[in-house]
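Written below as structure tokens is the structure these notes are about.
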Amino acid sequence: MKPVIVVDLGGTNLRIARVVGNNVEHREIFSTPRGAESIVGLIAEQAMKLSAGTAVGVAVAAPGAVSRGLGGLSKAPNLPELDGYPMAEEIRRLSGLHCMVENDANAYAVGEVTYGAAIGYKSVVVITLGTGIGGGIVLEGRLWRGADGVAAEIGHVCIEENGRRCGCGASGCAEAYGSASSMLRLAKEYGSNATSAREAYELAKNGEQAALKAFKRAGTALGILISSLVNILNPQAVVIGGGGSAAYDLLEPYILEEMKLRTFPLAMRNLQLLRCKLKNYAALLGAAVLLEEQIST
Ligand SMILES: [Zn+2]
């Protein structure tokens with residue numbers, strides 16, 4: 001099996017790795033440079049170094065809406081310099097390596113389904129709790145990208161008609177309650193002393209009422225969201241991932257409470273609610289799987 005070069009491109013960090021199957025042979029982390037040329041320049045340079053003439057291509061997991069026609073991001077709120085930029089083509093030109101760009105939450109989902117928490121399940125919804133809420137949907141073993149490649153924007157499902165303002169401009173999105181950032185924001189509003197989501201979790205575990213209330217609110221929001229997804233898709237498993245999944249034990253009871261109220265009993269009966277397993281490796285491994293798949297078809 002030949003190696004694949006994979007990139008997990010974030011607004012803050014850029015992780016690049018050489019992967020064979022589910023084995024991350026080598027991994028490096030850089031601060032994400034500013035400017036489209038600098039970003040693709042760094043990726044191309046490091047990809048050539050890690051490939052040393054052996055890799056089948058480069059897969060970039062990137063935050064935002066991926067346009068397959070463009071081979072890049074049509075909308076990238078965290079990396080606006082990449083809006084409309086033909087990333088795949090530029091990386092190919094600079095490195096001589098085949099390149100594909102995929103939405104990071106989609107890559108994350110494929111990673112968890114292929115090698116992580118949801119091994120053996122064919123229809124799975126993966127939800128990532130970070131700055132926002134991301135998602136990936138795998139149906140009958142295939143990633144569902146939607147007609148325009150922007151499917152599974154799960155965080156922007158409305159759970160409150162006139163609810164809190166979301167970063168997308170709408171109100172009442174699940175993301176405004178259930179992302180890791182929202183957990184912290186809610187805790188502070190309720191009077192917590194937490195300065196990070198991790199701290200809010202620690203305070204809640206130590207019995208701070210404000211923090212506990214925030215995780216209850218977040219868990220309830222996630223439960224409503226997941227119930228809707230289960231009623232539409234009837235998946236075998238739902239995986240909770242991303243940094244916010246560190247609070248899984250606090251969220252789970254509220255998620256299940258809502259699901260019992262809202263989900264069709266038959267869809268609920270065999271459903272597995274799971275916590276992610278691969279953490280920072282999920283998107284890297286999933287991107288490699290998707291590139292192999294693209295090359296073989
Ligand atoms: Zn929204």
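Chains: A, B, ... in order of the structure tokens. Residues: from 1 per chain. Ligands: from 1, in order shown.
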
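For ligand 1, the neighbouring protein, DNA and RNA residues, which are those within 10 Å when only C-alpha atoms and all ligand atoms are counted, are Gly132, Ile133, Glu153, Ile154, Gly155, His156, Val157, Cys158, Arg164, Arg165, Cys166, Gly167, Cys168, Gly169, Ala170, Ser171, Gly172, Cys173, Ala174, Glu175 and Ala176 of chain A.
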
Could you write out the selected residues, including N, CA and C atoms, as a PDB file, in the first residue's frame?
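This went into again16.pdb:
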```
ATOM      1  N   GLY A 132     -17.840  25.639  16.401  1.00  0.00           N
ATOM      2  CA  GLY A 132     -19.217  25.468  15.945  1.00  0.00           C
ATOM      3  C   GLY A 132     -19.618  24.009  16.097  1.00  0.00           C
ATOM      4  N   ILE A 133     -20.681  23.614  15.410  1.00  0.00           N
ATOM      5  CA  ILE A 133     -21.033  22.194  15.340  1.00  0.00           C
ATOM      6  C   ILE A 133     -20.916  21.773  13.885  1.00  0.00           C
ATOM      7  N   GLU A 153     -24.601  20.231   7.264  1.00  0.00           N
ATOM      8  CA  GLU A 153     -24.337  21.430   8.080  1.00  0.00           C
ATOM      9  C   GLU A 153     -25.280  21.356   9.286  1.00  0.00           C
ATOM     10  N   ILE A 154     -25.009  20.337  10.088  1.00  0.00           N
ATOM     11  CA  ILE A 154     -25.896  19.945  11.177  1.00  0.00           C
ATOM     12  C   ILE A 154     -26.070  21.043  12.224  1.00  0.00           C
ATOM     13  N   GLY A 155     -25.010  21.818  12.438  1.00  0.00           N
ATOM     14  CA  GLY A 155     -25.054  22.855  13.472  1.00  0.00           C
ATOM     15  C   GLY A 155     -26.111  23.909  13.217  1.00  0.00           C
ATOM     16  N   HIS A 156     -26.551  24.024  11.962  1.00  0.00           N
ATOM     17  CA  HIS A 156     -27.504  25.089  11.632  1.00  0.00           C
ATOM     18  C   HIS A 156     -28.934  24.585  11.475  1.00  0.00           C
ATOM     19  N   VAL A 157     -29.175  23.404  12.028  1.00  0.00           N
ATOM     20  CA  VAL A 157     -30.564  22.949  12.168  1.00  0.00           C
ATOM     21  C   VAL A 157     -31.180  23.780  13.292  1.00  0.00           C
ATOM     22  N   CYS A 158     -32.376  24.306  13.044  1.00  0.00           N
ATOM     23  CA  CYS A 158     -33.030  25.165  14.037  1.00  0.00           C
ATOM     24  C   CYS A 158     -33.676  24.331  15.138  1.00  0.00           C
ATOM     25  N   ARG A 164     -31.445  31.963  20.206  1.00  0.00           N
ATOM     26  CA  ARG A 164     -30.216  32.765  20.226  1.00  0.00           C
ATOM     27  C   ARG A 164     -29.677  32.965  18.818  1.00  0.00           C
ATOM     28  N   ARG A 165     -29.002  34.078  18.647  1.00  0.00           N
ATOM     29  CA  ARG A 165     -28.391  34.431  17.370  1.00  0.00           C
ATOM     30  C   ARG A 165     -27.225  33.479  17.104  1.00  0.00           C
ATOM     31  N   CYS A 166     -27.121  32.998  15.876  1.00  0.00           N
ATOM     32  CA  CYS A 166     -26.018  32.105  15.505  1.00  0.00           C
ATOM     33  C   CYS A 166     -25.039  32.874  14.612  1.00  0.00           C
ATOM     34  N   GLY A 167     -23.808  32.400  14.547  1.00  0.00           N
ATOM     35  CA  GLY A 167     -22.788  33.015  13.701  1.00  0.00           C
ATOM     36  C   GLY A 167     -23.179  33.065  12.228  1.00  0.00           C
ATOM     37  N   CYS A 168     -24.090  32.187  11.800  1.00  0.00           N
ATOM     38  CA  CYS A 168     -24.492  32.132  10.391  1.00  0.00           C
ATOM     39  C   CYS A 168     -25.495  33.231  10.039  1.00  0.00           C
ATOM     40  N   GLY A 169     -25.992  33.935  11.064  1.00  0.00           N
ATOM     41  CA  GLY A 169     -26.952  35.004  10.802  1.00  0.00           C
ATOM     42  C   GLY A 169     -28.381  34.633  11.144  1.00  0.00           C
ATOM     43  N   ALA A 170     -28.670  33.342  11.218  1.00  0.00           N
ATOM     44  CA  ALA A 170     -30.016  32.901  11.594  1.00  0.00           C
ATOM     45  C   ALA A 170     -30.119  32.857  13.126  1.00  0.00           C
ATOM     46  N   SER A 171     -31.295  32.534  13.628  1.00  0.00           N
ATOM     47  CA  SER A 171     -31.419  32.421  15.083  1.00  0.00           C
ATOM     48  C   SER A 171     -31.956  31.044  15.456  1.00  0.00           C
ATOM     49  N   GLY A 172     -31.536  30.611  16.636  1.00  0.00           N
ATOM     50  CA  GLY A 172     -32.026  29.338  17.164  1.00  0.00           C
ATOM     51  C   GLY A 172     -31.338  28.102  16.630  1.00  0.00           C
ATOM     52  N   CYS A 173     -30.180  28.270  15.973  1.00  0.00           N
ATOM     53  CA  CYS A 173     -29.438  27.096  15.479  1.00  0.00           C
ATOM     54  C   CYS A 173     -28.906  26.272  16.663  1.00  0.00           C
ATOM     55  N   ALA A 174     -28.809  24.972  16.460  1.00  0.00           N
ATOM     56  CA  ALA A 174     -28.287  24.079  17.498  1.00  0.00           C
ATOM     57  C   ALA A 174     -26.894  24.519  17.951  1.00  0.00           C
ATOM     58  N   GLU A 175     -26.116  25.029  16.997  1.00  0.00           N
ATOM     59  CA  GLU A 175     -24.747  25.472  17.283  1.00  0.00           C
ATOM     60  C   GLU A 175     -24.681  26.563  18.359  1.00  0.00           C
ATOM     61  N   ALA A 176     -25.722  27.393  18.409  1.00  0.00           N
ATOM     62  CA  ALA A 176     -25.738  28.492  19.376  1.00  0.00           C
ATOM     63  C   ALA A 176     -25.923  28.000  20.810  1.00  0.00           C
TER      64      ALA A 176
END
```

Determine, using only C-alpha atoms, which residues of stretch 89-184 of chain A have any atom at most 6 Å from an atom of stretch 45-57 of chain A, and tabulate each with its shortest atom pair and distance in Å to one decimal place, rows ordered by chain and then rising number, as JSON lines.
```
{"residue": "A:Leu97", "atom": "CA", "partner": "A:Gly57", "partner_atom": "CA", "distance": 5.1}
{"residue": "A:His98", "atom": "CA", "partner": "A:Gly57", "partner_atom": "CA", "distance": 4.5}
{"residue": "A:Cys99", "atom": "CA", "partner": "A:Gly57", "partner_atom": "CA", "distance": 5.6}
```

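Of the listed residues A:Ser296, A:Asn280, A:Pro235, A:Leu225, the one whose atoms come nearest to A:Leu266 is A:Pro235, with distances taken using only C-alpha atoms.
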
query: Got a sec: who's within 9 Å of stretch 104-108 of chain A, counting only C-alpha atoms, leaving out chain neighbours fewer than 6 positions off, as a ChimeraX atom specification?
result: /A:8-10,60-64,126-128,134-138,143-145,152,241,278-290

Among the residues A:Leu251, A:Val238, A:Cys276, A:Ile43, the one that comes closest to A:Val124 [using only C-alpha atoms]: A:Val238

- request: Write down as a PyMOL selection string the residues belonging to stretch 78-282 of chain A that are assigned helix (DSSP H, G or I) by DSSP computed on the backbone.
  value: chain A and resi 80-82+87-95+104-115+154-156+175-178+180-189+197-205+209-233+243-262+265-269+279-282

field: d(atom CA of A:Ala211, atom CA of A:Glu258) in Å
entry: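 Pair atom CA of A:Ala211 / atom CA of A:Glu258 returns 19.8 Å.
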
query: Quick one, how far is atom CA of A:Gly244 from atom CA of A:Leu291?
result: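 Result for atom CA of A:Gly244 versus atom CA of A:Leu291: 27.6 Å, one decimal.
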
field: Residues within 9 Å of A:Leu94, only C-alpha atoms, excluding chain neighbours under 2 positions, as a PyMOL selection string
entry: chain A and resi 40-41+44-45+89-92+96-97

message: So that I can check the secondary structure, give me every residue of stretch 78-291 of chain A assigned strand (DSSP E) by backbone DSSP, as a count of residues only.
response: 29

field: Residue contacts of A:Ser67 (9 Å, only C-alpha atoms) excluding same-chain residues fewer than 3 positions away, as number ranges by chain
entry: A: 70-75, 84, 101-102, 148-150

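Atom to atom, atom CA of A:Leu222 and atom CA of A:Val7 stand 29.0 Å apart.
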